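S.K.: Structure supplied as run-v4.csv; contents: CSV, C-alpha atoms (C1' of nucleotides).
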```csv
chain,number,residue,atom,x,y,z
N,1,MET,CA,0.0,0.0,0.0
N,2,THR,CA,3.0,2.3,-0.2
N,3,PRO,CA,2.1,5.2,-2.5
N,4,GLN,CA,3.8,5.0,-5.9
N,5,THR,CA,5.5,8.3,-6.7
N,6,PRO,CA,8.0,7.4,-9.4
N,7,GLU,CA,8.4,10.9,-10.8
N,8,LEU,CA,9.1,12.8,-7.7
N,9,PRO,CA,12.7,13.8,-7.0
N,10,GLY,CA,13.4,11.6,-3.9
N,11,PRO,CA,16.8,10.0,-3.2
N,12,ASP,CA,19.0,9.6,-6.3
N,13,PRO,CA,18.8,6.0,-7.4
N,14,LEU,CA,22.4,6.3,-8.6
N,15,LEU,CA,23.4,6.4,-4.9
N,16,ASP,CA,22.9,2.6,-5.0
N,17,ALA,CA,25.7,2.1,-7.4
N,18,GLU,CA,28.8,0.3,-6.0
N,19,VAL,CA,31.0,3.3,-6.7
N,20,ALA,CA,28.9,5.6,-4.7
N,21,SER,CA,30.0,4.0,-1.4
N,22,GLN,CA,33.7,3.6,-2.3
N,23,ILE,CA,36.3,5.8,-0.6
N,24,PRO,CA,38.1,6.8,-3.8
N,25,PHE,CA,34.9,8.3,-5.3
N,26,LEU,CA,33.9,9.9,-2.0
N,27,VAL,CA,37.2,11.6,-1.3
N,28,ALA,CA,37.4,12.8,-4.9
N,29,ARG,CA,33.9,14.4,-4.6
N,30,ALA,CA,34.5,15.8,-1.2
N,31,ARG,CA,37.8,17.2,-2.3
N,32,ARG,CA,36.1,18.9,-5.2
N,33,ARG,CA,33.5,20.6,-3.0
N,34,VAL,CA,36.0,21.7,-0.4
N,35,HIS,CA,38.5,22.8,-3.0
N,36,SER,CA,36.1,25.0,-5.0
N,37,HIS,CA,34.9,26.6,-1.8
N,38,SER,CA,38.3,27.6,-0.4
N,39,THR,CA,39.6,28.5,-3.9
N,40,ALA,CA,36.7,31.0,-4.1
N,41,ALA,CA,37.5,32.2,-0.6
N,42,LEU,CA,41.1,32.9,-1.5
N,43,ALA,CA,40.3,34.5,-4.8
N,44,GLY,CA,40.0,38.0,-3.3
N,45,LEU,CA,43.6,37.8,-2.2
N,46,ASP,CA,44.7,36.6,-5.6
N,47,LEU,CA,45.9,33.4,-4.0
N,48,LYS,CA,45.4,29.8,-5.0
N,49,LEU,CA,45.2,26.9,-2.5
N,50,ARG,CA,48.7,25.7,-3.5
N,51,HIS,CA,50.2,29.1,-3.0
N,52,PHE,CA,48.5,29.4,0.4
N,53,ALA,CA,49.8,25.9,1.4
N,54,VAL,CA,53.4,26.9,0.5
N,55,LEU,CA,53.1,30.2,2.2
N,56,SER,CA,51.7,28.6,5.3
N,57,LEU,CA,54.6,26.2,5.5
N,58,ILE,CA,57.1,29.0,5.1
N,59,CYS,CA,55.4,31.0,7.8
N,60,SER,CA,55.5,28.1,10.2
N,61,GLY,CA,58.9,29.0,11.5
N,62,ALA,CA,60.4,25.7,10.3
N,63,GLN,CA,62.6,27.5,7.7
N,64,PRO,CA,62.1,24.8,5.0
N,65,THR,CA,64.2,24.4,1.9
N,66,GLN,CA,62.4,24.1,-1.4
N,67,ARG,CA,63.1,20.4,-1.4
N,68,GLU,CA,61.5,20.0,2.0
N,69,LEU,CA,58.4,21.9,0.8
N,70,GLY,CA,58.2,19.6,-2.2
N,71,GLU,CA,58.5,16.5,-0.1
N,72,PHE,CA,55.8,17.6,2.4
N,73,LEU,CA,53.4,18.7,-0.3
N,74,ASP,CA,54.2,15.7,-2.5
N,75,LEU,CA,54.9,18.0,-5.4
N,76,ASP,CA,57.7,18.0,-8.0
N,77,PRO,CA,60.6,20.4,-7.3
N,78,SER,CA,59.8,22.2,-10.6
N,79,GLN,CA,56.4,23.0,-9.3
N,80,ILE,CA,57.8,24.4,-6.1
N,81,VAL,CA,60.0,26.7,-8.2
N,82,ALA,CA,56.9,28.2,-9.9
N,83,LEU,CA,55.0,28.5,-6.6
N,84,VAL,CA,57.9,30.2,-4.8
N,85,ASP,CA,58.5,32.4,-7.8
N,86,SER,CA,55.1,33.9,-7.7
N,87,LEU,CA,55.2,34.4,-3.9
N,88,GLU,CA,58.5,36.1,-4.2
N,89,GLU,CA,57.4,38.3,-7.1
N,90,ARG,CA,54.6,39.7,-4.9
N,91,GLY,CA,57.0,40.3,-2.0
N,92,ALA,CA,55.6,37.7,0.3
N,93,VAL,CA,58.8,35.5,0.6
N,94,ARG,CA,62.5,35.7,0.0
N,95,ARG,CA,65.0,32.9,-1.0
N,96,GLU,CA,68.2,32.7,1.0
N,97,THR,CA,70.9,30.2,0.2
N,98,ASP,CA,71.4,27.7,3.0
N,99,PRO,CA,74.8,28.5,4.6
N,100,ARG,CA,75.2,24.8,5.5
N,101,ASP,CA,74.7,23.7,1.9
N,102,ARG,CA,74.9,26.4,-0.8
N,103,ARG,CA,72.9,24.3,-3.2
N,104,SER,CA,69.8,24.5,-1.1
N,105,LYS,CA,67.6,27.6,-0.7
N,106,ILE,CA,65.7,28.3,2.5
N,107,VAL,CA,62.5,30.2,1.9
N,108,VAL,CA,61.6,32.8,4.5
N,109,PRO,CA,58.5,35.0,4.9
N,110,THR,CA,58.6,38.8,4.7
N,111,GLU,CA,56.5,40.9,7.0
N,112,SER,CA,53.9,41.4,4.4
N,113,GLY,CA,54.1,37.7,3.7
N,114,HIS,CA,53.1,37.0,7.3
N,115,ASP,CA,50.2,39.5,7.0
N,116,LEU,CA,49.0,37.8,3.8
N,117,HIS,CA,49.2,34.4,5.5
N,118,GLU,CA,47.1,35.5,8.4
N,119,GLN,CA,44.4,37.0,6.1
N,120,ALA,CA,44.4,33.9,4.0
N,121,ALA,CA,44.3,31.5,6.9
N,122,ALA,CA,41.3,33.4,8.3
N,123,LEU,CA,39.5,33.0,5.0
N,124,THR,CA,40.2,29.3,4.6
N,125,ARG,CA,39.1,28.7,8.2
N,126,ALA,CA,35.8,30.5,7.4
N,127,SER,CA,35.4,28.5,4.3
N,128,GLU,CA,36.0,25.3,6.2
N,129,GLU,CA,33.2,26.4,8.5
N,130,THR,CA,30.8,26.7,5.6
N,131,VAL,CA,31.6,23.4,4.0
N,132,LEU,CA,31.4,21.5,7.2
N,133,GLN,CA,28.1,23.1,8.3
N,134,THR,CA,26.3,19.7,8.3
N,135,LEU,CA,28.9,18.2,10.7
N,136,SER,CA,28.9,18.6,14.5
N,137,PRO,CA,32.0,19.8,16.2
N,138,ARG,CA,32.7,16.2,17.2
N,139,GLU,CA,32.3,14.9,13.7
N,140,ARG,CA,34.7,17.6,12.4
N,141,ARG,CA,37.4,16.5,14.8
N,142,GLN,CA,36.8,12.9,13.8
N,143,LEU,CA,37.1,13.8,10.1
N,144,ARG,CA,40.3,15.8,10.6
N,145,ALA,CA,41.9,12.9,12.6
N,146,LEU,CA,40.8,10.3,10.1
N,147,LEU,CA,42.0,12.3,7.1
N,148,GLN,CA,45.3,12.8,8.8
N,149,LYS,CA,45.8,9.1,9.2
N,150,VAL,CA,45.0,8.5,5.6
N,151,ALA,CA,47.0,11.4,4.3
N,152,PHE,CA,50.2,10.6,6.0
J,1,MET,CA,66.6,19.0,30.7
J,2,THR,CA,65.0,17.6,27.6
J,3,PRO,CA,67.7,16.1,25.4
J,4,GLN,CA,68.5,18.1,22.3
J,5,THR,CA,68.4,16.0,19.1
J,6,PRO,CA,68.0,18.5,16.4
J,7,GLU,CA,69.3,16.3,13.6
J,8,LEU,CA,67.3,13.1,14.1
J,9,PRO,CA,64.4,12.5,11.8
J,10,GLY,CA,61.5,12.7,14.4
J,11,PRO,CA,58.1,14.2,13.6
J,12,ASP,CA,58.2,16.7,10.7
J,13,PRO,CA,58.2,20.2,12.0
J,14,LEU,CA,56.1,21.3,9.0
J,15,LEU,CA,53.2,19.5,10.6
J,16,ASP,CA,52.9,22.5,12.9
J,17,ALA,CA,52.0,24.8,10.0
J,18,GLU,CA,48.5,26.0,10.0
J,19,VAL,CA,47.7,24.5,6.7
J,20,ALA,CA,48.7,21.0,7.9
J,21,SER,CA,45.6,20.8,10.0
J,22,GLN,CA,43.1,22.3,7.6
J,23,ILE,CA,40.6,20.2,5.8
J,24,PRO,CA,41.2,21.4,2.3
J,25,PHE,CA,44.8,20.4,2.5
J,26,LEU,CA,44.1,17.1,4.2
J,27,VAL,CA,41.4,16.0,1.7
J,28,ALA,CA,43.6,17.0,-1.2
J,29,ARG,CA,46.5,14.9,0.2
J,30,ALA,CA,44.3,12.0,1.1
J,31,ARG,CA,42.6,12.1,-2.3
J,32,ARG,CA,46.0,11.9,-3.9
J,33,ARG,CA,47.1,8.8,-2.0
J,34,VAL,CA,43.8,7.0,-2.5
J,35,HIS,CA,43.6,8.1,-6.2
J,36,SER,CA,47.1,6.8,-7.1
J,37,HIS,CA,46.4,3.5,-5.3
J,38,SER,CA,43.2,2.7,-7.0
J,39,THR,CA,44.4,4.0,-10.4
J,40,ALA,CA,47.3,1.6,-10.1
J,41,ALA,CA,44.8,-1.2,-9.1
J,42,LEU,CA,42.7,-0.6,-12.2
J,43,ALA,CA,45.6,-0.2,-14.6
J,44,GLY,CA,45.6,-4.0,-15.4
J,45,LEU,CA,42.1,-3.6,-16.8
J,46,ASP,CA,43.1,-0.6,-18.8
J,47,LEU,CA,40.5,1.4,-16.9
J,48,LYS,CA,40.8,4.8,-15.2
J,49,LEU,CA,38.9,5.7,-12.1
J,50,ARG,CA,36.5,7.9,-14.0
J,51,HIS,CA,35.7,5.2,-16.5
J,52,PHE,CA,35.0,2.8,-13.6
J,53,ALA,CA,32.8,5.4,-11.9
J,54,VAL,CA,30.7,5.8,-15.1
J,55,LEU,CA,30.6,2.1,-15.7
J,56,SER,CA,29.5,1.5,-12.1
J,57,LEU,CA,26.6,3.9,-12.4
J,58,ILE,CA,25.6,2.3,-15.6
J,59,CYS,CA,25.7,-1.1,-14.1
J,60,SER,CA,23.5,0.0,-11.1
J,61,GLY,CA,20.3,-0.7,-12.9
J,62,ALA,CA,19.2,2.9,-12.7
J,63,GLN,CA,19.4,3.3,-16.5
J,64,PRO,CA,20.9,6.8,-16.4
J,65,THR,CA,21.0,9.2,-19.3
J,66,GLN,CA,24.3,10.9,-20.1
J,67,ARG,CA,23.0,14.1,-18.5
J,68,GLU,CA,22.2,12.2,-15.3
J,69,LEU,CA,25.6,10.7,-15.2
J,70,GLY,CA,27.1,14.2,-15.6
J,71,GLU,CA,25.1,15.6,-12.8
J,72,PHE,CA,25.9,12.8,-10.4
J,73,LEU,CA,29.6,12.9,-11.1
J,74,ASP,CA,29.6,16.7,-11.3
J,75,LEU,CA,31.2,16.5,-14.7
J,76,ASP,CA,30.6,18.5,-17.9
J,77,PRO,CA,28.4,16.8,-20.5
J,78,SER,CA,31.3,16.9,-23.0
J,79,GLN,CA,33.4,14.9,-20.6
J,80,ILE,CA,30.7,12.3,-20.3
J,81,VAL,CA,30.7,12.0,-24.1
J,82,ALA,CA,34.3,11.0,-24.1
J,83,LEU,CA,34.0,8.6,-21.2
J,84,VAL,CA,31.0,6.8,-22.7
J,85,ASP,CA,32.7,6.8,-26.1
J,86,SER,CA,35.6,4.8,-24.8
J,87,LEU,CA,33.4,2.4,-22.8
J,88,GLU,CA,31.3,1.9,-25.9
J,89,GLU,CA,34.3,1.3,-28.1
J,90,ARG,CA,35.5,-1.5,-25.9
J,91,GLY,CA,32.0,-3.1,-26.0
J,92,ALA,CA,31.2,-2.5,-22.3
J,93,VAL,CA,28.1,-0.3,-22.8
J,94,ARG,CA,25.6,0.7,-25.5
J,95,ARG,CA,23.8,4.0,-26.1
J,96,GLU,CA,20.0,3.8,-26.6
J,97,THR,CA,17.8,6.7,-27.4
J,98,ASP,CA,15.3,7.4,-24.6
J,99,PRO,CA,11.9,6.6,-26.1
J,100,ARG,CA,10.3,9.2,-23.8
J,101,ASP,CA,12.6,12.0,-25.0
J,102,ARG,CA,14.6,11.3,-28.2
J,103,ARG,CA,17.1,13.9,-27.3
J,104,SER,CA,18.4,11.9,-24.4
J,105,LYS,CA,20.5,8.7,-24.6
J,106,ILE,CA,20.2,6.0,-22.0
J,107,VAL,CA,23.4,4.1,-21.4
J,108,VAL,CA,23.1,0.4,-20.7
J,109,PRO,CA,25.7,-2.2,-19.9
J,110,THR,CA,26.5,-5.2,-22.1
J,111,GLU,CA,27.2,-8.6,-20.6
J,112,SER,CA,30.9,-8.1,-20.9
J,113,GLY,CA,30.4,-4.7,-19.4
J,114,HIS,CA,28.9,-6.3,-16.3
J,115,ASP,CA,31.9,-8.7,-16.1
J,116,LEU,CA,34.3,-5.8,-16.4
J,117,HIS,CA,32.5,-3.9,-13.7
J,118,GLU,CA,32.7,-6.8,-11.3
J,119,GLN,CA,36.4,-7.3,-11.8
J,120,ALA,CA,37.1,-3.6,-11.5
J,121,ALA,CA,35.0,-3.3,-8.3
J,122,ALA,CA,36.9,-6.2,-6.7
J,123,LEU,CA,40.1,-4.4,-7.5
J,124,THR,CA,39.1,-1.1,-6.1
J,125,ARG,CA,37.7,-2.7,-3.0
J,126,ALA,CA,41.1,-4.4,-2.5
J,127,SER,CA,42.9,-1.2,-3.0
J,128,GLU,CA,40.7,0.5,-0.5
J,129,GLU,CA,41.6,-2.2,2.0
J,130,THR,CA,45.3,-1.4,1.4
J,131,VAL,CA,45.0,2.4,1.8
J,132,LEU,CA,42.8,2.2,4.9
J,133,GLN,CA,45.1,-0.4,6.6
J,134,THR,CA,45.8,1.9,9.5
J,135,LEU,CA,42.1,2.4,10.2
J,136,SER,CA,40.0,0.1,12.3
J,137,PRO,CA,36.7,-1.2,10.8
J,138,ARG,CA,34.9,1.3,13.0
J,139,GLU,CA,37.0,4.2,11.8
J,140,ARG,CA,36.5,3.1,8.2
J,141,ARG,CA,32.7,3.2,8.6
J,142,GLN,CA,33.0,6.6,10.3
J,143,LEU,CA,35.2,8.0,7.4
J,144,ARG,CA,32.8,6.7,4.8
J,145,ALA,CA,29.8,8.3,6.6
J,146,LEU,CA,31.6,11.6,7.1
J,147,LEU,CA,32.8,11.8,3.5
J,148,GLN,CA,29.3,11.1,2.3
J,149,LYS,CA,28.0,14.0,4.3
J,150,VAL,CA,30.6,16.4,2.9
J,151,ALA,CA,30.4,15.1,-0.6
J,152,PHE,CA,26.6,15.5,-1.0
U,1,DT,C1',12.9,29.1,-27.1
U,2,DA,C1',15.2,25.6,-24.3
U,3,DT,C1',17.6,21.2,-23.7
U,4,DT,C1',20.6,16.8,-25.0
U,5,DG,C1',24.4,15.4,-26.8
U,6,DT,C1',28.3,16.6,-29.6
U,7,DT,C1',32.5,18.9,-31.4
U,8,DA,C1',36.3,22.1,-31.2
U,9,DT,C1',39.3,24.9,-28.6
U,10,DA,C1',41.9,26.8,-25.0
U,11,DC,C1',43.6,26.7,-20.5
U,12,DT,C1',45.4,24.6,-16.3
U,13,DC,C1',47.8,21.1,-14.0
U,14,DT,C1',51.0,17.5,-13.9
U,15,DA,C1',55.0,14.6,-15.2
U,16,DT,C1',59.5,14.2,-17.4
U,17,DA,C1',63.9,15.1,-18.9
U,18,DA,C1',67.9,18.0,-19.4
U,19,DC,C1',70.8,21.7,-17.6
U,20,DT,C1',73.7,24.6,-13.6
U,21,DA,C1',75.9,25.0,-9.5
U,22,DT,C1',77.3,23.0,-5.7
U,23,DA,C1',78.7,18.9,-2.8
O,1,DT,C1',79.1,10.9,-8.8
O,2,DA,C1',75.1,12.7,-6.6
O,3,DT,C1',71.9,16.4,-5.2
O,4,DA,C1',69.1,21.3,-5.1
O,5,DG,C1',67.2,24.1,-8.0
O,6,DT,C1',66.0,25.6,-12.6
O,7,DT,C1',64.1,25.5,-17.3
O,8,DA,C1',61.6,23.7,-21.2
O,9,DT,C1',58.3,20.7,-23.0
O,10,DA,C1',54.7,17.5,-23.6
O,11,DG,C1',50.7,15.2,-21.8
O,12,DA,C1',46.5,14.7,-19.1
O,13,DG,C1',42.8,16.8,-17.3
O,14,DT,C1',39.3,20.6,-17.2
O,15,DA,C1',36.4,24.5,-18.7
O,16,DT,C1',34.0,27.1,-22.4
O,17,DA,C1',31.5,28.1,-26.4
O,18,DA,C1',29.2,26.9,-30.5
O,19,DC,C1',26.4,23.5,-33.2
O,20,DA,C1',22.6,19.8,-34.6
O,21,DA,C1',18.6,17.4,-33.3
O,22,DT,C1',14.7,17.3,-30.6
O,23,DA,C1',11.3,19.2,-27.3
```
In structure tokens, write the structure found in this file.

M.R.:
Amino acid sequence: MTPQTPELPGPDPLLDAEVASQIPFLVARARRRVHSHSTAALAGLDLKLRHFAVLSLICSGAQPTQRELGEFLDLDPSQIVALVDSLEERGAVRRETDPRDRRSKIVVPTESGHDLHEQAAALTRASEETVLQTLSPRERRQLRALLQKVAF
Amino acid sequence: MTPQTPELPGPDPLLDAEVASQIPFLVARARRRVHSHSTAALAGLDLKLRHFAVLSLICSGAQPTQRELGEFLDLDPSQIVALVDSLEERGAVRRETDPRDRRSKIVVPTESGHDLHEQAAALTRASEETVLQTLSPRERRQLRALLQKVAF
DNA sequence: TATTGTTATACTCTATAACTATA
DNA sequence: TATAGTTATAGAGTATAACAATA
């Protein structure tokens, strides 16, 4: 006696597909949503997510070399060059040759680089808030912890 | 009195950077790991993750049109064309014009398409197992549920 | 006039290899 | 000989706009 309403929107039948419950699909889709949100949030500062990531590592106080940046972000050295280039061009960071190994270059933040990072971090935190709206504070902590396990 | 061991590997100091605890960074990195794992798992079948996703939706019994595939996967119609093309060329699916709207095309699986999907699904499930090794069964369920909330 | 699928095009991202300077 | 950074190039992936057939 359940009423037949075959044309109403209802839950998407495609959710029953095997792929819809598999982690690779779910992370890819979640990443897309999160990425587009925070990309939009950073657009006002003319920063992309990758540039922000690099800037944040540089502002951490760890004084990373370009190689260390590449290893942590799992990016090719040549990509780090381009990212650091654009941050240096806008005066946010400086390259200094490592005195202990003059092949390496330590990347350090300028004062305006620190300012930029703080503004950007505030924006990405706010965007996180928006995307995770449907999650309780406890669920957010869980998600963060679980992703950290998977990511590293 | 804490011993100074500045040169030992230890935990990466870059983990202290703000970005290292933010969701956009973590999902991006997790997605990379998961993606490369399952891409490698599917390589033997000459399938990419996207093709598998489309095939899986087509094999779900929902009889989706190309437009519905695009909406669910959040992909442009032109990309769906290319994906369905390559699946059709290898005989895994067929396009049939929707009798109720002859503009639309319903994509249906062939018998060999079903076989391919089962093989592929087994491979991606196994790859999931590998990537989520460090997570308990309970944590895996949690991660899946949380990602579903974020992804949809 | 609006929509589905299609084609063509350009743009971004990513991967690779070769080059330089230091070690 | 090996490594850090750089440069150049090609490939994959993605986004956009215009078109034909149908509604």

S.K.: Give me, as a ChimeraX atom specification, the contact residues of chain N against chain J at a cut-off of 7 Å, counting all atoms listed in the file.

M.R.: /N:13-14,16-19,23-24,26-31,33-35,53,56-57,60,62,128,132,143-144,146-148,150-151

S.K.: In Å to one decimal, how far is atom CA of N:Ala82 from atom C1' of O:DT3?

M.R.: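 Answer for the atom C1' of O:DT3 to atom CA of N:Ala82 separation: 19.7 Å.
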
S.K.: Hand me chain N as it sits after a least-squares fit onto chain J over every Cα, paired in order, written as a compact mmCIF listing (two decimals) with C-alpha atoms, keeping the file's coordinate frame.

M.R.:
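Just written: selection-v8.txt:
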```
# COMPACT_ATOMS: atom_id res chain seq x y z
CA MET N 1 67.21 17.61 30.79
CA THR N 2 65.46 16.43 27.66
CA PRO N 3 68.11 15.13 25.25
CA GLN N 4 68.75 17.46 22.31
CA THR N 5 68.57 15.53 19.05
CA PRO N 6 68.02 18.22 16.44
CA GLU N 7 69.25 16.19 13.48
CA LEU N 8 67.27 13.10 13.89
CA PRO N 9 64.25 12.60 11.64
CA GLY N 10 61.42 12.86 14.27
CA PRO N 11 58.03 14.45 13.53
CA ASP N 12 58.05 16.88 10.58
CA PRO N 13 58.12 20.38 11.98
CA LEU N 14 56.08 21.49 8.97
CA LEU N 15 53.14 19.60 10.53
CA ASP N 16 52.81 22.66 12.82
CA ALA N 17 51.93 24.92 9.99
CA GLU N 18 48.32 26.24 9.96
CA VAL N 19 47.63 24.59 6.62
CA ALA N 20 48.56 21.22 7.82
CA SER N 21 45.43 20.95 10.01
CA GLN N 22 42.98 22.49 7.49
CA ILE N 23 40.40 20.28 5.78
CA PRO N 24 41.09 21.54 2.26
CA PHE N 25 44.78 20.51 2.45
CA LEU N 26 43.94 17.22 4.16
CA VAL N 27 41.30 16.09 1.70
CA ALA N 28 43.51 17.10 -1.22
CA ARG N 29 46.39 14.95 0.18
CA ALA N 30 44.21 12.08 1.10
CA ARG N 31 42.56 12.17 -2.26
CA ARG N 32 45.95 12.02 -3.91
CA ARG N 33 47.03 8.93 -1.96
CA VAL N 34 43.77 7.11 -2.48
CA HIS N 35 43.58 8.11 -6.11
CA SER N 36 47.08 6.93 -7.07
CA HIS N 37 46.46 3.65 -5.31
CA SER N 38 43.18 2.74 -7.02
CA THR N 39 44.41 4.15 -10.37
CA ALA N 40 47.31 1.65 -10.12
CA ALA N 41 44.87 -1.07 -9.14
CA LEU N 42 42.73 -0.45 -12.19
CA ALA N 43 45.63 -0.13 -14.56
CA GLY N 44 45.69 -3.86 -15.37
CA LEU N 45 42.19 -3.59 -16.73
CA ASP N 46 43.09 -0.55 -18.78
CA LEU N 47 40.56 1.43 -16.81
CA LYS N 48 40.80 4.82 -15.17
CA LEU N 49 38.89 5.79 -12.00
CA ARG N 50 36.50 8.00 -14.02
CA HIS N 51 35.73 5.24 -16.44
CA PHE N 52 35.11 2.82 -13.56
CA ALA N 53 32.79 5.39 -11.85
CA VAL N 54 30.71 5.77 -15.06
CA LEU N 55 30.62 2.09 -15.64
CA SER N 56 29.56 1.44 -12.10
CA LEU N 57 26.68 3.86 -12.41
CA ILE N 58 25.54 2.28 -15.63
CA CYS N 59 25.68 -1.15 -14.09
CA SER N 60 23.60 -0.06 -11.15
CA GLY N 61 20.36 -0.84 -12.87
CA ALA N 62 19.22 2.80 -12.70
CA GLN N 63 19.40 3.17 -16.53
CA PRO N 64 20.83 6.74 -16.40
CA THR N 65 20.94 9.16 -19.29
CA GLN N 66 24.23 10.84 -20.03
CA ARG N 67 22.93 14.00 -18.46
CA GLU N 68 22.09 12.18 -15.26
CA LEU N 69 25.61 10.67 -15.16
CA GLY N 70 27.06 14.13 -15.60
CA GLU N 71 24.95 15.59 -12.85
CA PHE N 72 25.81 12.81 -10.34
CA LEU N 73 29.51 12.90 -11.13
CA ASP N 74 29.57 16.71 -11.30
CA LEU N 75 31.20 16.53 -14.69
CA ASP N 76 30.55 18.49 -17.91
CA PRO N 77 28.36 16.71 -20.50
CA SER N 78 31.30 16.87 -22.97
CA GLN N 79 33.35 14.85 -20.61
CA ILE N 80 30.66 12.25 -20.28
CA VAL N 81 30.65 11.93 -24.08
CA ALA N 82 34.38 11.02 -24.07
CA LEU N 83 33.98 8.62 -21.12
CA VAL N 84 31.00 6.82 -22.68
CA ASP N 85 32.75 6.76 -26.02
CA SER N 86 35.65 4.82 -24.75
CA LEU N 87 33.44 2.37 -22.80
CA GLU N 88 31.38 1.79 -25.85
CA GLU N 89 34.40 1.35 -28.12
CA ARG N 90 35.58 -1.54 -25.90
CA GLY N 91 32.12 -3.13 -25.91
CA ALA N 92 31.32 -2.52 -22.30
CA VAL N 93 28.20 -0.26 -22.84
CA ARG N 94 25.70 0.62 -25.50
CA ARG N 95 23.76 3.94 -26.07
CA GLU N 96 20.04 3.64 -26.67
CA THR N 97 17.90 6.65 -27.40
CA ASP N 98 15.34 7.27 -24.67
CA PRO N 99 11.91 6.41 -26.16
CA ARG N 100 10.31 9.03 -23.87
CA ASP N 101 12.59 11.78 -25.14
CA ARG N 102 14.58 11.07 -28.33
CA ARG N 103 17.13 13.70 -27.45
CA SER N 104 18.36 11.80 -24.46
CA LYS N 105 20.47 8.62 -24.58
CA ILE N 106 20.21 5.94 -21.92
CA VAL N 107 23.45 4.09 -21.40
CA VAL N 108 23.16 0.38 -20.71
CA PRO N 109 25.79 -2.24 -19.81
CA THR N 110 26.61 -5.22 -22.04
CA GLU N 111 27.32 -8.60 -20.55
CA SER N 112 30.99 -8.10 -20.83
CA GLY N 113 30.49 -4.66 -19.38
CA HIS N 114 29.00 -6.23 -16.25
CA ASP N 115 31.96 -8.68 -16.06
CA LEU N 116 34.43 -5.79 -16.35
CA HIS N 117 32.58 -3.89 -13.62
CA GLU N 118 32.73 -6.77 -11.23
CA GLN N 119 36.51 -7.28 -11.81
CA ALA N 120 37.11 -3.61 -11.40
CA ALA N 121 34.99 -3.24 -8.31
CA ALA N 122 36.89 -6.13 -6.72
CA LEU N 123 40.16 -4.37 -7.41
CA THR N 124 39.10 -0.99 -6.07
CA ARG N 125 37.71 -2.67 -2.94
CA ALA N 126 41.13 -4.35 -2.43
CA SER N 127 42.86 -1.11 -2.97
CA GLU N 128 40.61 0.59 -0.47
CA GLU N 129 41.67 -2.10 1.98
CA THR N 130 45.32 -1.24 1.50
CA VAL N 131 44.96 2.48 1.85
CA LEU N 132 42.84 2.26 4.90
CA GLN N 133 45.10 -0.29 6.66
CA THR N 134 45.81 2.14 9.56
CA LEU N 135 42.05 2.57 10.26
CA SER N 136 39.89 0.19 12.32
CA PRO N 137 36.71 -1.11 10.85
CA ARG N 138 34.84 1.43 12.97
CA GLU N 139 36.95 4.31 11.81
CA ARG N 140 36.40 3.27 8.16
CA ARG N 141 32.65 3.40 8.59
CA GLN N 142 32.97 6.77 10.28
CA LEU N 143 35.10 8.10 7.40
CA ARG N 144 32.72 6.81 4.73
CA ALA N 145 29.69 8.41 6.54
CA LEU N 146 31.49 11.68 7.09
CA LEU N 147 32.74 11.90 3.51
CA GLN N 148 29.26 11.22 2.30
CA LYS N 149 27.87 14.12 4.23
CA VAL N 150 30.50 16.41 2.88
CA ALA N 151 30.30 15.13 -0.65
CA PHE N 152 26.63 15.49 -1.10
```

S.K.: Counting only C-alpha atoms (C1' of nucleotides), which residues of chain J come no farther than 8 Å from chain O, as an mmCIF file with C-alpha atoms, in the frame of the given file?

M.R.:
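Listed below is the output, iface.cif:
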```cif
data_model
loop_
_atom_site.group_PDB
_atom_site.id
_atom_site.type_symbol
_atom_site.label_atom_id
_atom_site.label_comp_id
_atom_site.auth_asym_id
_atom_site.auth_seq_id
_atom_site.Cartn_x
_atom_site.Cartn_y
_atom_site.Cartn_z
ATOM 1 C CA ASP J 101 12.600 12.000 -25.000
ATOM 2 C CA ARG J 102 14.600 11.300 -28.200
ATOM 3 C CA ARG J 103 17.100 13.900 -27.300
#
```

S.K.: Find the distance between atom CA of N:Ala92 and atom C1' of U:DA21 and write it in Å to one decimal.

M.R.: 25.9 Å

S.K.: As a PyMOL selection string, could you give me every residue of chain U near chain J (at most 12 Å apart, counting only C-alpha atoms (C1' of nucleotides))?

M.R.: chain U and resi 3-8

S.K.: Of the candidates N:Glu71, N:Asp115, N:Asp76, N:Glu96, which one gets nearest to U:DC13 if we count all atoms listed in the file?

M.R.: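 With all atoms listed in the file as the atom set, the closest residue is N:Asp76.
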
S.K.: For the atom pair atom CA of N:Leu116 and atom CA of N:Ala40, what is the interatomic distance in Å to one decimal place?

M.R.: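 Atom CA of N:Leu116 sits 16.1 Å away from atom CA of N:Ala40.
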
S.K.: Which centre and edge lengths in Å to one decimal define the box along x, y and z that fits every listed atom of stretch 7-23 of chain U plus 5 Å per side, as AutoDock Vina command-line options?

M.R.:
```
--center_x 55.6 --center_y 20.5 --center_z -17.1 --size_x 56.2 --size_y 22.6 --size_z 38.6
```
